[in-house]
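What follows is a single structure, written as structure tokens, with notes after it.
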Amino acid sequence: ASDVESDLVNILFTEEQIQAKLAELAKQIEADYDGKDILIVGILRGAVMVMADLARAFHRHLEMDWMAVSSYGSGTKSSGVVRILKDLDTDITGRHVLIVDEIIDTGLTLSWLTSNLASRNPASVEICTLLRKPEALRMPIDVKYVGWDIPNEFVVGYGLDYQERYRNLRDIGTLAPHVYS
Ligand code: PRP
Ligand code: MG
């Protein structure tokens with residue numbers, strides 16, 4: 001019972017399904033940004049896997065940068081206030097920016113981040129997320145690229161953690177009840 005994989009009870013998306021979806025998204029993004037330079041911005045830490053695989057699904061040049069953000073206060077995200085722990089190294093003035101994350105839950109993180117980046121006078125700012133939970137959304141957020149909409153249940157794997165574990169799983173799924181007890 002030491003393999004992390006054995007804690008997954010229900011696999012929602014396999015490695016193969018995830019890779020196929022990212023290839024599809026990359027193709028669509030390449031077409032939409034034809035003739036434009038793209039800067040993809042990954043949101044640490046959850047987006048590491050999606051960034052790595054999405055970037056490698058592209059057949060054209062792109063640049064990559066990273067941000068780390070954290071919510072203020074008691075560890076909850078309910079305030080909607082976000083603090084930048086690591087800012088971009090790139091000046092995005094006049095750039096086409098595509099924010100990449102692995103999940104949109106309440107939408108608070110990316111809603112705040114989108115307006116923060118938009119205030120820096122980029123040519124455009126769009127969002128690409130692998131997963132979104134429509135039932136959990138707490139504010140309207142314009143997401144151009146979505147892998148899958150999923151029910152409002154706790155999922156782990158492929159960057160998604162439970163108490164910092166399970167990020168390294170190749171599949172995405174839900175945890176066995178014993179993990180929580
Ligand atoms: C998670 C996830 C998204 C964000 C989505 O990150 O990776 O970035 O929450 O939640 P929201 O839509 O409710 O704002 P988290 O802040 O837990 O940090 P992590 O990426 O380091 O796991
Ligand atoms: Mg995150």
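Here's how to read the names in the structure tokens: chain A, B, ... by the order shown, residue numbers from 1 in each chain, ligand numbers from 1 in the order shown.
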Just want the residues within 9 Å of ligand 2, written as a PDB file with C-alpha atoms, in the first residue's frame, counting only C-alpha atoms and all ligand atoms.
```pdb
ATOM      1  CA  GLY A  42       2.393  29.085 -15.598  1.00  0.00           C
ATOM      2  CA  ILE A  43       1.006  29.520 -12.100  1.00  0.00           C
ATOM      3  CA  LEU A  44       3.188  27.741  -9.583  1.00  0.00           C
ATOM      4  CA  ARG A  45       3.041  25.170  -8.327  1.00  0.00           C
ATOM      5  CA  GLY A  46       0.077  23.269  -9.697  1.00  0.00           C
ATOM      6  CA  ALA A  47       0.591  24.227 -13.331  1.00  0.00           C
ATOM      7  CA  ALA A  68       3.678  32.259  -7.813  1.00  0.00           C
ATOM      8  CA  VAL A  69       0.713  33.688  -5.949  1.00  0.00           C
ATOM      9  CA  SER A  70      -0.855  33.170  -2.581  1.00  0.00           C
ATOM     10  CA  ASP A 101      -3.216  26.702 -14.869  1.00  0.00           C
ATOM     11  CA  GLU A 102      -4.338  23.180 -14.152  1.00  0.00           C
ATOM     12  CA  ILE A 103      -7.639  24.003 -12.444  1.00  0.00           C
ATOM     13  CA  ILE A 104     -10.102  26.822 -11.939  1.00  0.00           C
ATOM     14  CA  THR A 109      -6.973  33.361  -8.338  1.00  0.00           C
ATOM     15  CA  GLY A 159      -0.036  18.881 -10.409  1.00  0.00           C
ATOM     16  CA  LEU A 160      -3.080  18.823  -8.150  1.00  0.00           C
TER      17      LEU A 160
END
```
Handout entry: Near-Trp112 of chain A list (8 Å; only C-alpha atoms; drop same-chain fewer than 2 positions) as a list in words
Key = Gly80, Val81, Val82, Leu108, Thr109, Leu110, Thr114, Ser115 and Asn116 of chain A
Those residues with N, CA and C atoms, as a PDB file, in the first residue's frame please?
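As a result, again.pdb now contains:
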```pdb
ATOM      1  N   GLY A  80     -10.486  36.578  -1.884  1.00  0.00           N
ATOM      2  CA  GLY A  80     -10.287  36.950  -3.278  1.00  0.00           C
ATOM      3  C   GLY A  80      -9.081  37.854  -3.462  1.00  0.00           C
ATOM      4  N   VAL A  81      -8.388  38.131  -2.362  1.00  0.00           N
ATOM      5  CA  VAL A  81      -7.192  38.967  -2.456  1.00  0.00           C
ATOM      6  C   VAL A  81      -5.982  38.071  -2.620  1.00  0.00           C
ATOM      7  N   VAL A  82      -5.166  38.413  -3.576  1.00  0.00           N
ATOM      8  CA  VAL A  82      -4.038  37.567  -3.916  1.00  0.00           C
ATOM      9  C   VAL A  82      -2.753  38.356  -3.736  1.00  0.00           C
ATOM     10  N   LEU A 108     -11.190  32.765  -8.236  1.00  0.00           N
ATOM     11  CA  LEU A 108     -10.647  33.970  -7.595  1.00  0.00           C
ATOM     12  C   LEU A 108      -9.195  34.233  -7.997  1.00  0.00           C
ATOM     13  N   THR A 109      -8.392  33.188  -8.010  1.00  0.00           N
ATOM     14  CA  THR A 109      -6.973  33.361  -8.338  1.00  0.00           C
ATOM     15  C   THR A 109      -6.804  33.959  -9.737  1.00  0.00           C
ATOM     16  N   LEU A 110      -7.419  33.332 -10.723  1.00  0.00           N
ATOM     17  CA  LEU A 110      -7.189  33.782 -12.096  1.00  0.00           C
ATOM     18  C   LEU A 110      -7.941  35.054 -12.442  1.00  0.00           C
ATOM     19  N   THR A 114      -5.707  37.894 -13.870  1.00  0.00           N
ATOM     20  CA  THR A 114      -5.980  38.412 -15.207  1.00  0.00           C
ATOM     21  C   THR A 114      -6.035  39.933 -15.196  1.00  0.00           C
ATOM     22  N   SER A 115      -6.719  40.500 -14.194  1.00  0.00           N
ATOM     23  CA  SER A 115      -6.776  41.964 -14.181  1.00  0.00           C
ATOM     24  C   SER A 115      -5.428  42.562 -13.800  1.00  0.00           C
ATOM     25  N   ASN A 116      -4.676  41.864 -12.962  1.00  0.00           N
ATOM     26  CA  ASN A 116      -3.337  42.360 -12.643  1.00  0.00           C
ATOM     27  C   ASN A 116      -2.463  42.420 -13.901  1.00  0.00           C
TER      28      ASN A 116
END
```
Residues of chain A classed as strand (DSSP E or B) by DSSP on the backbone are to be reported as a PDB file with N, CA and C atoms, in the first residue's frame.
```pdb
ATOM      1  N   LEU A   8      -5.751   6.371  -5.392  1.00  0.00           N
ATOM      2  CA  LEU A   8      -6.778   6.896  -6.314  1.00  0.00           C
ATOM      3  C   LEU A   8      -7.896   5.872  -6.437  1.00  0.00           C
ATOM      4  N   VAL A   9      -9.132   6.252  -6.108  1.00  0.00           N
ATOM      5  CA  VAL A   9     -10.230   5.295  -6.259  1.00  0.00           C
ATOM      6  C   VAL A   9     -10.909   5.415  -7.607  1.00  0.00           C
ATOM      7  N   ASN A  10     -10.957   6.619  -8.096  1.00  0.00           N
ATOM      8  CA  ASN A  10     -11.704   6.855  -9.320  1.00  0.00           C
ATOM      9  C   ASN A  10     -10.852   7.716 -10.243  1.00  0.00           C
ATOM     10  N   ILE A  11     -10.414   7.139 -11.332  1.00  0.00           N
ATOM     11  CA  ILE A  11      -9.599   7.910 -12.271  1.00  0.00           C
ATOM     12  C   ILE A  11     -10.510   8.658 -13.228  1.00  0.00           C
ATOM     13  N   LEU A  12     -10.405   9.971 -13.210  1.00  0.00           N
ATOM     14  CA  LEU A  12     -11.238  10.785 -14.103  1.00  0.00           C
ATOM     15  C   LEU A  12     -10.596  10.913 -15.475  1.00  0.00           C
ATOM     16  N   PHE A  13      -9.280  11.161 -15.468  1.00  0.00           N
ATOM     17  CA  PHE A  13      -8.572  11.324 -16.730  1.00  0.00           C
ATOM     18  C   PHE A  13      -7.234  10.612 -16.658  1.00  0.00           C
ATOM     19  N   ILE A  38       3.728  34.218 -28.610  1.00  0.00           N
ATOM     20  CA  ILE A  38       2.993  33.908 -27.374  1.00  0.00           C
ATOM     21  C   ILE A  38       3.952  33.794 -26.200  1.00  0.00           C
ATOM     22  N   LEU A  39       3.511  34.348 -25.072  1.00  0.00           N
ATOM     23  CA  LEU A  39       4.195  34.104 -23.804  1.00  0.00           C
ATOM     24  C   LEU A  39       3.227  33.314 -22.935  1.00  0.00           C
ATOM     25  N   ILE A  40       3.572  32.071 -22.618  1.00  0.00           N
ATOM     26  CA  ILE A  40       2.711  31.330 -21.709  1.00  0.00           C
ATOM     27  C   ILE A  40       3.241  31.509 -20.293  1.00  0.00           C
ATOM     28  N   VAL A  41       2.297  31.737 -19.384  1.00  0.00           N
ATOM     29  CA  VAL A  41       2.645  32.018 -17.984  1.00  0.00           C
ATOM     30  C   VAL A  41       2.022  30.947 -17.101  1.00  0.00           C
ATOM     31  N   GLY A  42       2.866  30.164 -16.472  1.00  0.00           N
ATOM     32  CA  GLY A  42       2.393  29.085 -15.598  1.00  0.00           C
ATOM     33  C   GLY A  42       2.284  29.573 -14.168  1.00  0.00           C
ATOM     34  N   ILE A  43       1.228  29.106 -13.483  1.00  0.00           N
ATOM     35  CA  ILE A  43       1.006  29.520 -12.100  1.00  0.00           C
ATOM     36  C   ILE A  43       1.492  28.407 -11.166  1.00  0.00           C
ATOM     37  N   LEU A  44       2.589  28.710 -10.510  1.00  0.00           N
ATOM     38  CA  LEU A  44       3.188  27.741  -9.583  1.00  0.00           C
ATOM     39  C   LEU A  44       2.261  27.516  -8.396  1.00  0.00           C
ATOM     40  N   GLU A  63       7.406  31.479 -25.633  1.00  0.00           N
ATOM     41  CA  GLU A  63       8.227  31.759 -24.457  1.00  0.00           C
ATOM     42  C   GLU A  63       7.445  31.357 -23.222  1.00  0.00           C
ATOM     43  N   MET A  64       8.177  31.015 -22.181  1.00  0.00           N
ATOM     44  CA  MET A  64       7.547  30.570 -20.939  1.00  0.00           C
ATOM     45  C   MET A  64       8.029  31.423 -19.770  1.00  0.00           C
ATOM     46  N   ASP A  65       7.092  31.788 -18.917  1.00  0.00           N
ATOM     47  CA  ASP A  65       7.466  32.450 -17.664  1.00  0.00           C
ATOM     48  C   ASP A  65       6.553  31.912 -16.568  1.00  0.00           C
ATOM     49  N   TRP A  66       6.830  32.292 -15.342  1.00  0.00           N
ATOM     50  CA  TRP A  66       6.134  31.716 -14.192  1.00  0.00           C
ATOM     51  C   TRP A  66       5.761  32.777 -13.186  1.00  0.00           C
ATOM     52  N   MET A  67       4.640  32.554 -12.524  1.00  0.00           N
ATOM     53  CA  MET A  67       4.290  33.381 -11.363  1.00  0.00           C
ATOM     54  C   MET A  67       3.919  32.468 -10.203  1.00  0.00           C
ATOM     55  N   ALA A  68       4.168  32.956  -9.005  1.00  0.00           N
ATOM     56  CA  ALA A  68       3.678  32.259  -7.813  1.00  0.00           C
ATOM     57  C   ALA A  68       2.820  33.248  -7.041  1.00  0.00           C
ATOM     58  N   VAL A  69       1.636  32.816  -6.670  1.00  0.00           N
ATOM     59  CA  VAL A  69       0.713  33.688  -5.949  1.00  0.00           C
ATOM     60  C   VAL A  69       0.185  32.971  -4.710  1.00  0.00           C
ATOM     61  N   SER A  70      -0.304  33.763  -3.787  1.00  0.00           N
ATOM     62  CA  SER A  70      -0.855  33.170  -2.581  1.00  0.00           C
ATOM     63  C   SER A  70      -1.971  34.057  -2.070  1.00  0.00           C
ATOM     64  N   SER A  71      -2.959  33.429  -1.441  1.00  0.00           N
ATOM     65  CA  SER A  71      -4.050  34.221  -0.887  1.00  0.00           C
ATOM     66  C   SER A  71      -3.626  34.841   0.439  1.00  0.00           C
ATOM     67  N   VAL A  82      -5.166  38.413  -3.576  1.00  0.00           N
ATOM     68  CA  VAL A  82      -4.038  37.567  -3.916  1.00  0.00           C
ATOM     69  C   VAL A  82      -2.753  38.356  -3.736  1.00  0.00           C
ATOM     70  N   ARG A  83      -1.738  37.672  -3.316  1.00  0.00           N
ATOM     71  CA  ARG A  83      -0.436  38.291  -3.102  1.00  0.00           C
ATOM     72  C   ARG A  83       0.551  37.633  -4.069  1.00  0.00           C
ATOM     73  N   ILE A  84       1.381  38.448  -4.692  1.00  0.00           N
ATOM     74  CA  ILE A  84       2.369  37.893  -5.625  1.00  0.00           C
ATOM     75  C   ILE A  84       3.617  37.470  -4.857  1.00  0.00           C
ATOM     76  N   LEU A  85       3.928  36.195  -4.915  1.00  0.00           N
ATOM     77  CA  LEU A  85       5.133  35.678  -4.250  1.00  0.00           C
ATOM     78  C   LEU A  85       6.326  35.695  -5.195  1.00  0.00           C
ATOM     79  N   LYS A  86       6.035  35.454  -6.469  1.00  0.00           N
ATOM     80  CA  LYS A  86       7.068  35.540  -7.501  1.00  0.00           C
ATOM     81  C   LYS A  86       6.425  36.143  -8.731  1.00  0.00           C
ATOM     82  N   HIS A  96       1.456  39.045 -26.188  1.00  0.00           N
ATOM     83  CA  HIS A  96       0.279  38.184 -26.102  1.00  0.00           C
ATOM     84  C   HIS A  96       0.529  37.175 -24.987  1.00  0.00           C
ATOM     85  N   VAL A  97      -0.215  37.327 -23.900  1.00  0.00           N
ATOM     86  CA  VAL A  97       0.005  36.518 -22.707  1.00  0.00           C
ATOM     87  C   VAL A  97      -1.090  35.462 -22.572  1.00  0.00           C
ATOM     88  N   LEU A  98      -0.675  34.233 -22.366  1.00  0.00           N
ATOM     89  CA  LEU A  98      -1.623  33.148 -22.125  1.00  0.00           C
ATOM     90  C   LEU A  98      -1.312  32.536 -20.755  1.00  0.00           C
ATOM     91  N   ILE A  99      -2.217  32.776 -19.813  1.00  0.00           N
ATOM     92  CA  ILE A  99      -2.042  32.226 -18.468  1.00  0.00           C
ATOM     93  C   ILE A  99      -2.429  30.744 -18.494  1.00  0.00           C
ATOM     94  N   VAL A 100      -1.586  29.908 -17.919  1.00  0.00           N
ATOM     95  CA  VAL A 100      -1.840  28.464 -17.917  1.00  0.00           C
ATOM     96  C   VAL A 100      -1.940  27.961 -16.483  1.00  0.00           C
ATOM     97  N   ASP A 101      -3.067  27.315 -16.186  1.00  0.00           N
ATOM     98  CA  ASP A 101      -3.216  26.702 -14.869  1.00  0.00           C
ATOM     99  C   ASP A 101      -3.856  25.334 -15.044  1.00  0.00           C
ATOM    100  N   GLU A 102      -3.797  24.526 -13.991  1.00  0.00           N
ATOM    101  CA  GLU A 102      -4.338  23.180 -14.152  1.00  0.00           C
ATOM    102  C   GLU A 102      -5.797  23.106 -13.719  1.00  0.00           C
ATOM    103  N   ILE A 103      -6.225  24.042 -12.850  1.00  0.00           N
ATOM    104  CA  ILE A 103      -7.639  24.003 -12.444  1.00  0.00           C
ATOM    105  C   ILE A 103      -8.142  25.387 -12.071  1.00  0.00           C
ATOM    106  N   ILE A 104      -9.391  25.648 -12.434  1.00  0.00           N
ATOM    107  CA  ILE A 104     -10.102  26.822 -11.939  1.00  0.00           C
ATOM    108  C   ILE A 104     -11.200  26.307 -11.030  1.00  0.00           C
ATOM    109  N   SER A 124      -2.625  41.222 -25.308  1.00  0.00           N
ATOM    110  CA  SER A 124      -3.796  40.434 -24.939  1.00  0.00           C
ATOM    111  C   SER A 124      -3.465  39.568 -23.731  1.00  0.00           C
ATOM    112  N   VAL A 125      -4.517  39.175 -22.990  1.00  0.00           N
ATOM    113  CA  VAL A 125      -4.371  38.211 -21.904  1.00  0.00           C
ATOM    114  C   VAL A 125      -5.510  37.202 -22.010  1.00  0.00           C
ATOM    115  N   GLU A 126      -5.173  35.945 -22.125  1.00  0.00           N
ATOM    116  CA  GLU A 126      -6.183  34.895 -22.150  1.00  0.00           C
ATOM    117  C   GLU A 126      -5.792  33.821 -21.138  1.00  0.00           C
ATOM    118  N   ILE A 127      -6.753  32.916 -20.901  1.00  0.00           N
ATOM    119  CA  ILE A 127      -6.535  31.855 -19.922  1.00  0.00           C
ATOM    120  C   ILE A 127      -6.705  30.491 -20.576  1.00  0.00           C
ATOM    121  N   CYS A 128      -5.808  29.580 -20.204  1.00  0.00           N
ATOM    122  CA  CYS A 128      -5.951  28.175 -20.579  1.00  0.00           C
ATOM    123  C   CYS A 128      -5.893  27.355 -19.295  1.00  0.00           C
ATOM    124  N   THR A 129      -6.932  26.564 -19.053  1.00  0.00           N
ATOM    125  CA  THR A 129      -6.924  25.697 -17.879  1.00  0.00           C
ATOM    126  C   THR A 129      -7.288  24.279 -18.294  1.00  0.00           C
ATOM    127  N   LEU A 130      -6.644  23.325 -17.675  1.00  0.00           N
ATOM    128  CA  LEU A 130      -6.971  21.935 -18.009  1.00  0.00           C
ATOM    129  C   LEU A 130      -8.343  21.575 -17.463  1.00  0.00           C
ATOM    130  N   LEU A 131      -8.617  21.995 -16.208  1.00  0.00           N
ATOM    131  CA  LEU A 131      -9.889  21.651 -15.574  1.00  0.00           C
ATOM    132  C   LEU A 131     -10.600  22.904 -15.072  1.00  0.00           C
ATOM    133  N   ARG A 132     -11.914  22.807 -15.012  1.00  0.00           N
ATOM    134  CA  ARG A 132     -12.713  23.886 -14.425  1.00  0.00           C
ATOM    135  C   ARG A 132     -13.892  23.247 -13.717  1.00  0.00           C
ATOM    136  N   TYR A 145      -9.606  28.786 -23.148  1.00  0.00           N
ATOM    137  CA  TYR A 145      -9.283  27.379 -23.414  1.00  0.00           C
ATOM    138  C   TYR A 145      -9.486  26.527 -22.163  1.00  0.00           C
ATOM    139  N   VAL A 146     -10.411  25.571 -22.250  1.00  0.00           N
ATOM    140  CA  VAL A 146     -10.704  24.671 -21.133  1.00  0.00           C
ATOM    141  C   VAL A 146     -10.571  23.227 -21.612  1.00  0.00           C
ATOM    142  N   GLY A 147      -9.817  22.434 -20.859  1.00  0.00           N
ATOM    143  CA  GLY A 147      -9.726  21.018 -21.191  1.00  0.00           C
ATOM    144  C   GLY A 147     -11.044  20.322 -20.911  1.00  0.00           C
ATOM    145  N   TRP A 148     -11.426  20.295 -19.641  1.00  0.00           N
ATOM    146  CA  TRP A 148     -12.682  19.660 -19.234  1.00  0.00           C
ATOM    147  C   TRP A 148     -13.347  20.424 -18.100  1.00  0.00           C
ATOM    148  N   ASP A 149     -14.664  20.494 -18.135  1.00  0.00           N
ATOM    149  CA  ASP A 149     -15.444  20.904 -16.968  1.00  0.00           C
ATOM    150  C   ASP A 149     -15.708  19.653 -16.142  1.00  0.00           C
ATOM    151  N   VAL A 156      -7.068  15.016  -7.425  1.00  0.00           N
ATOM    152  CA  VAL A 156      -5.610  15.116  -7.267  1.00  0.00           C
ATOM    153  C   VAL A 156      -4.911  14.521  -8.482  1.00  0.00           C
ATOM    154  N   GLY A 157      -3.618  14.761  -8.540  1.00  0.00           N
ATOM    155  CA  GLY A 157      -2.790  14.209  -9.595  1.00  0.00           C
ATOM    156  C   GLY A 157      -2.469  15.233 -10.662  1.00  0.00           C
ATOM    157  N   LEU A 160      -2.098  18.541  -9.202  1.00  0.00           N
ATOM    158  CA  LEU A 160      -3.080  18.823  -8.150  1.00  0.00           C
ATOM    159  C   LEU A 160      -2.727  18.048  -6.886  1.00  0.00           C
ATOM    160  N   TYR A 162      -3.116  17.011  -2.559  1.00  0.00           N
ATOM    161  CA  TYR A 162      -3.819  16.989  -1.279  1.00  0.00           C
ATOM    162  C   TYR A 162      -2.718  17.049  -0.237  1.00  0.00           C
ATOM    163  N   ARG A 165       0.774  16.354  -1.414  1.00  0.00           N
ATOM    164  CA  ARG A 165       1.070  15.060  -2.033  1.00  0.00           C
ATOM    165  C   ARG A 165       0.219  14.843  -3.290  1.00  0.00           C
ATOM    166  N   ILE A 172      -5.393  11.867 -13.284  1.00  0.00           N
ATOM    167  CA  ILE A 172      -6.158  12.722 -12.374  1.00  0.00           C
ATOM    168  C   ILE A 172      -7.331  11.916 -11.850  1.00  0.00           C
ATOM    169  N   GLY A 173      -7.545  11.969 -10.537  1.00  0.00           N
ATOM    170  CA  GLY A 173      -8.652  11.207  -9.972  1.00  0.00           C
ATOM    171  C   GLY A 173      -9.013  11.667  -8.583  1.00  0.00           C
ATOM    172  N   THR A 174      -9.909  10.906  -7.957  1.00  0.00           N
ATOM    173  CA  THR A 174     -10.308  11.232  -6.588  1.00  0.00           C
ATOM    174  C   THR A 174      -9.663  10.249  -5.618  1.00  0.00           C
ATOM    175  N   LEU A 175      -9.483  10.700  -4.399  1.00  0.00           N
ATOM    176  CA  LEU A 175      -8.771   9.910  -3.396  1.00  0.00           C
ATOM    177  C   LEU A 175      -9.691   8.968  -2.637  1.00  0.00           C
TER     178      LEU A 175
END
```
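Taking atom CA of Leu62 of chain A and atom 3 (C, counted along the ligand's line) of ligand 1 as the two end points, the separation is 22.4 Å.
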Practice task
Check the smallest atom-to-atom distance from each of A:Val179, A:Ile92, A:Ala136, A:Ala52 to Asn121 of chain A using only C-alpha atoms, then report the winner.
Solution key: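 Closest residue, counting only C-alpha atoms: A:Ile92.
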Handout entry: atom CA of Arg120 of chain A to atom CA of Arg95 of chain A, straight-line distance in Å
Key =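 If I compute the distance from atom CA of Arg95 of chain A to atom CA of Arg120 of chain A, I get 9.8 Å.
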Fill in the blank from the handout: With distances taken over only C-alpha atoms and all ligand atoms, the candidate from A:Ser111, A:Asn152, A:Thr14, A:Ser119 nearest ligand 1 is A:Ser111
Exercise for the section: Please provide the set of residues having any atom within 10 Å of Asp53 of chain A, restricted to only C-alpha atoms, with same-chain residues fewer than 2 positions apart removed, written as an MDAnalysis selection string. Expected result: chainID A and resid 18:19 22:23 26 48:51 55:58
Handout entry: Per-residue DSSP, segment 76-144 of chain A, filtered to helix (DSSP H, G or I), as a ChimeraX atom specification
Key = /A:108-118,134-136
Handout entry: Atomic separation - atom CA of Leu117 of chain A relative to atom CA of Asp105 of chain A, Å
Key =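 Computing it gives 19.6 Å between the two atoms.
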